[in-house]
$ cat start-v7.tsv   # TSV, C-alpha atoms and all ligand atoms
chain	number	residue	atom	x	y	z
A	1	MET	CA	-23.26	-21.53	-21.07
A	2	THR	CA	-21.56	-18.14	-21.00
A	3	THR	CA	-21.78	-16.46	-17.60
A	4	GLN	CA	-21.90	-12.74	-16.87
A	5	PHE	CA	-18.32	-13.06	-15.58
A	6	ASP	CA	-17.21	-14.66	-18.84
A	7	GLN	CA	-18.77	-11.80	-20.74
A	8	LEU	CA	-16.97	-9.36	-18.45
A	9	ALA	CA	-13.63	-11.14	-19.04
A	10	SER	CA	-14.19	-11.07	-22.81
A	11	ARG	CA	-15.00	-7.38	-22.72
A	12	ILE	CA	-11.81	-6.66	-20.76
A	13	LEU	CA	-9.68	-8.86	-23.03
A	14	GLU	CA	-11.01	-6.86	-25.97
A	15	GLY	CA	-9.71	-3.66	-24.35
A	16	GLY	CA	-12.62	-2.66	-22.13
A	17	ALA	CA	-12.46	-1.92	-18.43
A	18	ALA	CA	-14.44	-3.13	-15.43
A	19	THR	CA	-16.87	-0.61	-13.97
A	20	GLU	CA	-17.58	-0.13	-10.29
A	21	ALA	CA	-20.88	-1.97	-10.80
A	22	ASP	CA	-18.98	-4.91	-12.35
A	23	ALA	CA	-16.61	-4.98	-9.37
A	24	LEU	CA	-19.49	-5.00	-6.90
A	25	ALA	CA	-21.16	-7.84	-8.79
A	26	VAL	CA	-17.93	-9.86	-8.53
A	27	LEU	CA	-17.65	-9.19	-4.82
A	28	ARG	CA	-21.28	-10.15	-4.24
A	29	ALA	CA	-21.31	-13.23	-6.46
A	30	PRO	CA	-23.10	-16.12	-4.75
A	31	ASP	CA	-20.85	-18.96	-3.63
A	32	ALA	CA	-22.63	-21.21	-6.12
A	33	GLU	CA	-21.01	-19.10	-8.88
A	34	LEU	CA	-17.52	-19.10	-7.39
A	35	VAL	CA	-16.07	-21.62	-9.83
A	36	ALA	CA	-17.53	-19.76	-12.83
A	37	LEU	CA	-16.14	-16.51	-11.41
A	38	VAL	CA	-12.66	-17.96	-10.93
A	39	ALA	CA	-12.73	-19.50	-14.42
A	40	ALA	CA	-13.54	-16.12	-15.95
A	41	ALA	CA	-10.95	-14.20	-13.92
A	42	SER	CA	-8.32	-16.83	-14.69
A	43	ARG	CA	-8.64	-16.00	-18.40
A	44	LEU	CA	-7.26	-12.55	-17.59
A	45	ARG	CA	-4.59	-13.98	-15.32
A	46	ARG	CA	-3.45	-16.40	-18.04
A	47	ALA	CA	-3.53	-13.73	-20.74
A	48	HIS	CA	-1.11	-11.53	-18.82
A	49	PHE	CA	0.93	-13.92	-16.69
A	50	ALA	CA	0.48	-17.35	-18.29
A	51	ASN	CA	1.08	-20.03	-15.65
A	52	THR	CA	3.74	-18.17	-13.68
A	53	VAL	CA	3.72	-17.28	-10.01
A	54	LYS	CA	5.97	-14.55	-8.73
A	55	VAL	CA	7.45	-15.42	-5.36
A	56	ASN	CA	8.42	-12.65	-2.94
A	57	TYR	CA	10.32	-12.85	0.31
A	58	LEU	CA	9.98	-10.46	3.23
A	59	VAL	CA	12.93	-9.39	5.32
A	60	ASN	CA	11.84	-7.53	8.40
A	61	LEU	CA	14.63	-5.02	8.95
A	62	LYS	CA	13.14	-3.41	12.03
A	63	SER	CA	10.23	-4.73	14.07
A	64	GLY	CA	7.82	-3.06	16.46
A	65	LEU	CA	8.52	0.21	18.29
A	66	CYS	CA	6.35	2.25	15.90
A	67	PRO	CA	4.91	5.63	16.94
A	68	GLU	CA	1.98	5.39	14.48
A	69	ASN	CA	-1.42	4.05	15.49
A	70	CYS	CA	-2.59	1.90	12.57
A	71	ASN	CA	-5.30	-0.06	14.36
A	72	TYR	CA	-4.69	-3.30	12.48
A	73	CYS	CA	-0.97	-3.43	13.15
A	74	SER	CA	0.78	-5.51	15.80
A	75	GLN	CA	3.68	-3.03	15.78
A	76	ALA	CA	1.59	0.08	16.39
A	77	LEU	CA	1.76	2.48	19.28
A	78	GLY	CA	-0.23	0.96	22.12
A	79	SER	CA	-0.34	-2.54	20.64
A	80	GLN	CA	-0.02	-5.22	23.31
A	81	ALA	CA	0.60	-7.94	20.73
A	82	PRO	CA	3.45	-10.20	21.89
A	83	ILE	CA	5.75	-9.75	18.90
A	84	LEU	CA	9.49	-9.72	18.55
A	85	LYS	CA	10.76	-6.13	18.73
A	86	TYR	CA	14.18	-5.13	17.44
A	87	SER	CA	15.88	-2.16	15.89
A	88	TRP	CA	17.54	-2.76	12.49
A	89	LEU	CA	19.15	-5.97	11.31
A	90	SER	CA	22.80	-5.66	10.35
A	91	LYS	CA	23.81	-5.80	6.70
A	92	ASP	CA	25.08	-9.37	7.12
A	93	GLU	CA	21.89	-10.53	8.83
A	94	THR	CA	19.87	-8.97	6.04
A	95	LEU	CA	21.97	-10.66	3.35
A	96	ASP	CA	21.64	-14.01	5.13
A	97	GLN	CA	17.87	-13.77	5.36
A	98	ALA	CA	17.43	-12.47	1.82
A	99	GLY	CA	19.73	-15.19	0.49
A	100	ALA	CA	17.64	-17.87	2.17
A	101	GLY	CA	14.50	-16.53	0.50
A	102	LEU	CA	16.16	-16.29	-2.91
A	103	ARG	CA	17.54	-19.81	-2.72
A	104	GLY	CA	14.08	-20.92	-1.64
A	105	GLY	CA	12.56	-19.67	-4.92
A	106	ALA	CA	11.88	-15.96	-4.43
A	107	THR	CA	12.86	-13.45	-7.09
A	108	ARG	CA	11.91	-10.31	-5.19
A	109	VAL	CA	13.11	-9.36	-1.73
A	110	CYS	CA	10.91	-6.91	0.16
A	111	MET	CA	12.89	-5.06	2.81
A	112	VAL	CA	10.49	-3.75	5.39
A	113	SER	CA	10.90	-1.56	8.44
A	114	SER	CA	8.34	-0.41	10.96
A	115	GLY	CA	7.90	3.28	11.68
A	116	ARG	CA	6.30	6.42	10.28
A	117	GLY	CA	9.08	6.87	7.78
A	118	PRO	CA	12.83	6.54	7.38
A	119	SER	CA	15.49	9.03	8.45
A	120	ASP	CA	18.18	9.82	5.93
A	121	ARG	CA	20.48	7.51	7.91
A	122	ASP	CA	17.95	4.70	7.55
A	123	ILE	CA	17.86	5.32	3.81
A	124	GLU	CA	21.65	5.03	3.68
A	125	LYS	CA	21.48	1.70	5.53
A	126	VAL	CA	18.95	0.32	3.06
A	127	ALA	CA	20.95	1.71	0.13
A	128	GLU	CA	24.05	-0.13	1.36
A	129	MET	CA	22.11	-3.33	1.94
A	130	THR	CA	20.66	-3.13	-1.55
A	131	GLU	CA	24.04	-2.57	-3.17
A	132	ALA	CA	25.49	-5.55	-1.29
A	133	LEU	CA	22.51	-7.75	-2.14
A	134	LYS	CA	22.67	-6.88	-5.82
A	135	GLN	CA	26.37	-7.58	-5.91
A	136	GLU	CA	25.77	-11.08	-4.60
A	137	TYR	CA	22.50	-11.72	-6.49
A	138	PRO	CA	22.55	-9.55	-9.63
A	139	ASP	CA	19.09	-10.67	-10.78
A	140	VAL	CA	17.29	-9.95	-7.52
A	141	GLU	CA	14.50	-7.41	-7.51
A	142	VAL	CA	14.54	-5.26	-4.40
A	143	CYS	CA	11.45	-3.60	-3.00
A	144	ALA	CA	11.72	-1.27	-0.03
A	145	CYS	CA	8.87	-0.64	2.37
A	146	LEU	CA	10.00	1.94	4.89
A	147	GLY	CA	6.96	4.16	5.43
A	148	LEU	CA	6.34	7.75	4.39
A	149	LEU	CA	9.11	9.20	2.23
A	150	LYS	CA	10.54	12.70	2.37
A	151	GLU	CA	12.09	14.78	-0.39
A	152	GLY	CA	15.02	13.07	-2.10
A	153	GLN	CA	14.72	9.72	-0.31
A	154	ALA	CA	13.07	7.86	-3.18
A	155	GLU	CA	15.78	9.11	-5.55
A	156	ARG	CA	18.52	7.89	-3.20
A	157	LEU	CA	16.92	4.43	-3.04
A	158	ARG	CA	16.57	4.29	-6.82
A	159	GLY	CA	20.18	5.35	-7.22
A	160	ALA	CA	21.28	2.46	-5.00
A	161	GLY	CA	19.44	-0.04	-7.20
A	162	VAL	CA	16.12	-0.40	-5.36
A	163	ASP	CA	13.54	-1.45	-7.97
A	164	ALA	CA	10.21	-0.93	-6.26
A	165	TYR	CA	8.67	0.81	-3.29
A	166	ASN	CA	5.75	-0.56	-1.31
A	167	HIS	CA	3.36	1.69	0.49
A	168	ASN	CA	-0.16	0.34	0.82
A	169	ILE	CA	-3.16	2.62	0.76
A	170	ASN	CA	-4.64	-0.14	2.96
A	171	THR	CA	-8.24	0.94	2.62
A	172	ALA	CA	-10.56	3.39	0.90
A	173	ALA	CA	-9.98	7.11	1.41
A	174	SER	CA	-13.46	7.23	2.93
A	175	HIS	CA	-12.49	4.64	5.57
A	176	HIS	CA	-8.90	5.64	6.29
A	177	ASP	CA	-9.48	7.86	9.29
A	178	ALA	CA	-11.41	5.12	11.05
A	179	ILE	CA	-8.33	2.90	11.13
A	180	VAL	CA	-5.45	5.35	11.67
A	181	GLN	CA	-5.25	8.89	12.94
A	182	THR	CA	-1.52	9.65	13.07
A	183	HIS	CA	-1.22	10.13	9.31
A	184	THR	CA	-3.63	10.78	6.47
A	185	TYR	CA	-4.66	8.99	3.31
A	186	ALA	CA	-3.12	11.91	1.41
A	187	ASP	CA	0.22	11.24	3.14
A	188	ARG	CA	0.12	7.70	1.81
A	189	VAL	CA	-0.75	8.76	-1.71
A	190	ASP	CA	2.03	11.36	-1.60
A	191	THR	CA	4.63	8.67	-0.88
A	192	ILE	CA	3.41	6.47	-3.72
A	193	GLY	CA	3.74	9.49	-6.02
A	194	ARG	CA	7.28	10.23	-4.80
A	195	ALA	CA	8.31	6.63	-5.46
A	196	LYS	CA	6.84	6.67	-8.93
A	197	THR	CA	8.41	10.01	-9.83
A	198	ALA	CA	11.83	8.68	-8.78
A	199	GLY	CA	11.46	5.73	-11.15
A	200	LEU	CA	10.63	3.13	-8.51
A	201	SER	CA	7.89	0.69	-9.46
A	202	PRO	CA	4.92	1.54	-7.25
A	203	CYS	CA	3.63	-1.35	-5.16
A	204	SER	CA	0.49	-0.54	-3.22
A	205	GLY	CA	-2.34	-2.65	-1.98
A	206	LEU	CA	-4.96	-3.03	0.66
A	207	ILE	CA	-6.10	-4.90	3.73
A	208	ALA	CA	-9.55	-6.46	3.57
A	209	GLY	CA	-11.59	-7.08	6.68
A	210	LEU	CA	-11.14	-3.72	8.41
A	211	GLY	CA	-14.84	-3.03	8.78
A	212	GLU	CA	-15.06	-1.50	5.30
A	213	SER	CA	-18.20	-1.84	3.17
A	214	ASP	CA	-18.27	-3.58	-0.20
A	215	GLU	CA	-18.42	-0.17	-1.82
A	216	GLN	CA	-15.31	0.90	0.07
A	217	LEU	CA	-13.40	-2.16	-1.08
A	218	VAL	CA	-14.35	-1.25	-4.64
A	219	GLU	CA	-13.33	2.36	-3.96
A	220	ALA	CA	-9.91	1.22	-2.74
A	221	LEU	CA	-9.28	-0.95	-5.78
A	222	PHE	CA	-10.22	1.77	-8.24
A	223	ALA	CA	-7.92	4.11	-6.34
A	224	LEU	CA	-5.08	1.62	-6.81
A	225	ARG	CA	-5.88	1.43	-10.51
A	226	ASP	CA	-5.77	5.22	-10.74
A	227	LEU	CA	-2.49	5.33	-8.79
A	228	ASP	CA	-1.04	2.99	-11.39
A	229	SER	CA	0.20	0.52	-8.84
A	230	ASP	CA	2.31	-2.10	-10.65
A	231	SER	CA	1.85	-4.68	-7.93
A	232	ILE	CA	-1.11	-4.96	-5.64
A	233	PRO	CA	-0.68	-6.92	-2.43
A	234	ILE	CA	-4.04	-7.99	-1.04
A	235	ASN	CA	-3.81	-8.56	2.71
A	236	PHE	CA	-6.53	-10.19	4.76
A	237	LEU	CA	-6.71	-8.81	8.26
A	238	MET	CA	-4.95	-10.92	10.85
A	239	PRO	CA	-6.68	-9.77	14.02
A	240	PHE	CA	-3.75	-9.83	16.41
A	241	ASP	CA	-4.56	-10.03	20.08
A	242	GLY	CA	-3.67	-6.79	21.81
A	243	THR	CA	-4.74	-4.59	18.86
A	244	PRO	CA	-8.08	-2.76	18.41
A	245	PHE	CA	-9.03	-5.31	15.76
A	246	GLU	CA	-8.57	-8.37	17.94
A	247	ASN	CA	-11.53	-10.73	17.51
A	248	THR	CA	-12.53	-9.05	14.23
A	249	TRP	CA	-13.39	-11.86	11.84
A	250	GLU	CA	-15.24	-10.57	8.77
A	251	LEU	CA	-13.75	-12.77	6.07
A	252	THR	CA	-14.49	-16.22	4.72
A	253	PRO	CA	-12.34	-18.18	2.26
A	254	THR	CA	-14.82	-17.64	-0.58
A	255	ARG	CA	-15.04	-13.93	0.19
A	256	CYS	CA	-11.24	-13.71	-0.04
A	257	VAL	CA	-11.24	-15.40	-3.45
A	258	LYS	CA	-13.91	-12.96	-4.65
A	259	ILE	CA	-11.79	-10.02	-3.46
A	260	LEU	CA	-8.80	-11.35	-5.40
A	261	ALA	CA	-11.01	-11.94	-8.46
A	262	MET	CA	-12.29	-8.38	-8.21
A	263	ALA	CA	-8.69	-7.13	-8.16
A	264	ARG	CA	-7.97	-9.16	-11.28
A	265	PHE	CA	-10.99	-7.78	-13.15
A	266	VAL	CA	-10.27	-4.17	-12.15
A	267	CYS	CA	-6.49	-4.36	-12.70
A	268	PRO	CA	-6.15	-7.23	-15.20
A	269	ASP	CA	-2.49	-6.75	-16.13
A	270	ARG	CA	-1.16	-5.88	-12.67
A	271	GLU	CA	0.63	-8.22	-10.31
A	272	VAL	CA	-2.07	-9.27	-7.86
A	273	ARG	CA	-0.30	-10.66	-4.81
A	274	ILE	CA	-1.85	-12.78	-2.11
A	275	ALA	CA	-0.25	-11.27	0.98
A	276	GLY	CA	-0.78	-11.36	4.75
A	277	GLY	CA	-3.50	-13.60	6.14
A	278	ARG	CA	-3.32	-16.06	3.24
A	279	GLU	CA	-3.23	-19.23	5.32
A	280	MET	CA	-5.56	-17.96	8.03
A	281	HIS	CA	-8.31	-16.74	5.72
A	282	LEU	CA	-8.04	-18.60	2.39
A	283	ARG	CA	-7.20	-21.87	4.09
A	284	SER	CA	-7.94	-24.72	1.67
A	285	LEU	CA	-8.77	-22.25	-1.12
A	286	GLN	CA	-5.20	-20.98	-1.47
A	287	ALA	CA	-4.59	-22.99	-4.62
A	288	LEU	CA	-7.87	-21.83	-6.14
A	289	ALA	CA	-6.84	-18.26	-5.41
A	290	LEU	CA	-3.71	-18.74	-7.52
A	291	GLN	CA	-5.98	-19.14	-10.53
A	292	VAL	CA	-6.68	-15.40	-10.26
A	293	ALA	CA	-3.72	-13.99	-8.34
A	294	ASN	CA	-0.21	-14.40	-9.79
A	295	SER	CA	2.04	-13.65	-6.85
A	296	LEU	CA	2.56	-14.53	-3.19
A	297	PHE	CA	4.93	-14.17	-0.30
A	298	LEU	CA	7.01	-17.19	0.53
A	299	GLY	CA	6.96	-18.48	4.07
A	300	ASP	CA	6.77	-16.04	6.95
A	301	TYR	CA	5.27	-12.57	7.16
A	302	LEU	CA	6.37	-9.70	9.32
A	303	THR	CA	5.23	-10.69	12.76
A	304	SER	CA	3.36	-13.91	12.07
A	305	GLU	CA	4.36	-17.22	10.57
A	306	GLY	CA	3.33	-18.21	7.08
A	307	GLN	CA	3.17	-21.81	5.95
A	308	GLU	CA	6.50	-23.42	5.30
A	309	ALA	CA	8.24	-22.32	2.16
A	310	GLN	CA	8.45	-25.78	0.69
A	311	ARG	CA	4.71	-26.29	0.98
A	312	ASP	CA	4.18	-23.04	-0.89
A	313	ILE	CA	6.43	-24.20	-3.71
A	314	GLU	CA	4.69	-27.56	-3.80
A	315	MET	CA	1.29	-25.90	-3.96
A	316	ILE	CA	2.46	-23.82	-6.92
A	317	ARG	CA	3.80	-26.85	-8.79
A	318	ASP	CA	0.96	-29.20	-7.89
A	319	ASN	CA	-1.48	-26.82	-9.51
A	320	GLY	CA	0.42	-26.64	-12.79
A	321	PHE	CA	2.09	-23.28	-12.19
A	322	VAL	CA	5.78	-22.44	-12.40
A	323	VAL	CA	7.77	-20.12	-10.18
A	324	LEU	CA	8.70	-17.05	-12.19
A	325	GLY	CA	12.44	-16.95	-12.88
A	326	ALA	CA	13.25	-20.33	-11.36
A	327	GLU	CA	15.11	-22.13	-14.11
A	328	GLU	CA	17.79	-23.35	-11.79
A	329	GLU	CA	17.80	-25.75	-8.91
A	330	THR	CA	16.12	-24.21	-5.89
A	331	SER	CA	17.62	-25.10	-2.56
A	332	HIS	CA	15.74	-25.12	0.67
A	333	GLU	CA	18.69	-26.12	2.75
A	334	THR	CA	18.93	-22.74	4.41
A	335	LEU	CA	15.24	-22.89	5.18
A	336	GLY	CA	15.82	-26.20	6.93
A	337	GLU	CA	14.18	-28.16	4.16
A	338	PRO	CA	15.36	-30.63	1.54
A	339	SER	CA	16.49	-29.41	-1.81
A	340	ILE	CA	13.90	-29.38	-4.58
A	341	ARG	CA	14.11	-28.74	-8.30
A	342	GLN	CA	11.98	-26.21	-10.08
A	343	ARG	CA	10.82	-27.10	-13.55
A	344	GLY	CA	10.64	-24.51	-16.28
A	345	ALA	CA	10.54	-20.78	-16.16
A	346	GLY	CA	7.91	-18.23	-16.84
A	347	THR	CA	8.05	-15.54	-19.43
A	348	ALA	CA	5.61	-12.99	-18.11
A	349	THR	CA	6.70	-10.23	-16.30
A	350	PRO	CA	3.61	-5.44	2.30
A	351	ALA	CA	1.58	-6.08	4.46
A	352	ASN	CA	-0.62	-6.38	7.36
A	353	ALA	CA	2.43	-5.83	9.53
A	401	LIG	S1	1.55	-0.26	9.64
A	401	LIG	FE1	3.61	0.63	9.66
A	401	LIG	S2	3.27	2.78	10.26
A	401	LIG	FE2	1.41	1.65	10.83
A	401	LIG	S3	1.74	1.06	12.98
A	401	LIG	FE3	2.42	-0.67	11.68
A	401	LIG	S4	4.64	-0.35	11.42
A	401	LIG	FE4	3.74	1.60	12.15
$ encode --input "start-v7.tsv" --output "structure tokens"
Amino acid sequence: MTTQFDQLASRILEGGAATEADALAVLRAPDAELVALVAAASRLRRAHFANTVKVNYLVNLKSGLCPENCNYCSQALGSQAPILKYSWLSKDETLDQAGAGLRGGATRVCMVSSGRGPSDRDIEKVAEMTEALKQEYPDVEVCACLGLLKEGQAERLRGAGVDAYNHNINTAASHHDAIVQTHTYADRVDTIGRAKTAGLSPCSGLIAGLGESDEQLVEALFALRDLDSDSIPINFLMPFDGTPFENTWELTPTRCVKILAMARFVCPDREVRIAGGREMHLRSLQALALQVANSLFLGDYLTSEGQEAQRDIEMIRDNGFVVLGAEEETSHETLGEPSIRQRGAGTATPANA
């Protein structure tokens, strides 16, 4: 029997596009139709990314001490969350951490710093780190996530070899001011535009579970489609104690899968990345979610711990996927885990801090 989601997938594969009504129907699909929904969305995933999973690794260059007031963030002004706070890793520390992630199976390193935006000195630090990283690992993809960019900063990063820039819209324009007041939605969009203009691949996504309506989730995803985001991290709110969102639990595992499926239908050929909150919210549905998403972060997130890297790699392989770009032996020694071997390579092409 052909389901409405199958028909939608066929229409998209033939060159059509999902409408806002289609996206809402996906989001509101009854749990009894979850498997049919995933099967339909996986046709799009397979058409564009085959059985590959892109593995990303976060290096937290600077943690906490942020003057902004993003209500969901453990590093925000006024947050009482008990996180590690430090100001800038050294170049060697960054290379060590990035190297561990790359040897563990990642192909992209996301260098993240807290704060409203970088100073020109910060940009120079990241430029130097990138040059050093690329010298040691020529195939690495580097994504920077440093906050709001000013004139010329995106160009400097691109010139140093940075490949992508992450700046999440986080939520719908119509919901933005309810979750942060120290900068605007337009500020965020401006930075994504600067990155794109400089030739950096735009990476922008959202956080689900911030009190937004279904319509606002749809609004956010269509905004990401219009912004031409190449990669779309989908975060699920981790309600840190000591933040305004503590004790906010709006998500269920099936809801999270539906959100990822909606992202796949709306942006079928974009990298849909399962990001922060994966273990906490998807729980035993993480593997099912990989049938629609094609990317994840390995191991730890910014201020919380992800599941161990080796278990991530095993989950990928156990479900018949291959790690994108992992033809060679992948070592987990530096992650404190035994060495494992990746089989095969793919061909297809941050964060709730
Ligand atoms: S999300 Fe970024 S800008 Fe907002 S409070 Fe956290 S570190 Fe600061």
$ closest_atom_pairs --input "start-v7.tsv" --of "chain A" --to "ligand LIG 401 (chain A)" --cutoff "6 Å" --atoms "all atoms listed in the file" --output "CSV"
residue,atom,partner,partner_atom,distance
A:Cys66,CA,A:LIG401,FE4,4.6
A:Glu68,CA,A:LIG401,S3,4.6
A:Asn69,CA,A:LIG401,S3,5.0
A:Cys70,CA,A:LIG401,FE2,4.4
A:Cys73,CA,A:LIG401,FE3,4.6
A:Gln75,CA,A:LIG401,FE3,4.9
A:Ala76,CA,A:LIG401,S3,3.6
A:Ser114,CA,A:LIG401,S4,3.7
A:Gly115,CA,A:LIG401,FE4,4.5
A:Arg116,CA,A:LIG401,S2,4.7
A:Ala353,CA,A:LIG401,FE3,5.6
$ closest_residue --input "start-v7.tsv" --among "A:Asp228, A:Ala220, A:Ile234, A:Thr107" --to "A:Val53" --atoms "all atoms listed in the file"
A:Thr107
$ closest_residue --input "start-v7.tsv" --among "A:Ala47, A:Ala98, A:Leu251, A:Ala223" --to "A:Gly277" --atoms "only C-alpha atoms"
A:Leu251
$ closest_residue --input "start-v7.tsv" --among "A:Ser174, A:Gln310, A:Arg188, A:Asn60" --to "A:Lys85" --atoms "all atoms listed in the file"
A:Asn60
$ closest_residue --input "start-v7.tsv" --among "A:Ala106, A:Val272, A:Ala25, A:Ala9" --to "A:Ala289" --atoms "only C-alpha atoms"
A:Val272
$ atom_distance --input "start-v7.tsv" --atom1 "atom CA of A:Ser113" --atom2 "atom CA of A:His281"
24.6 Å
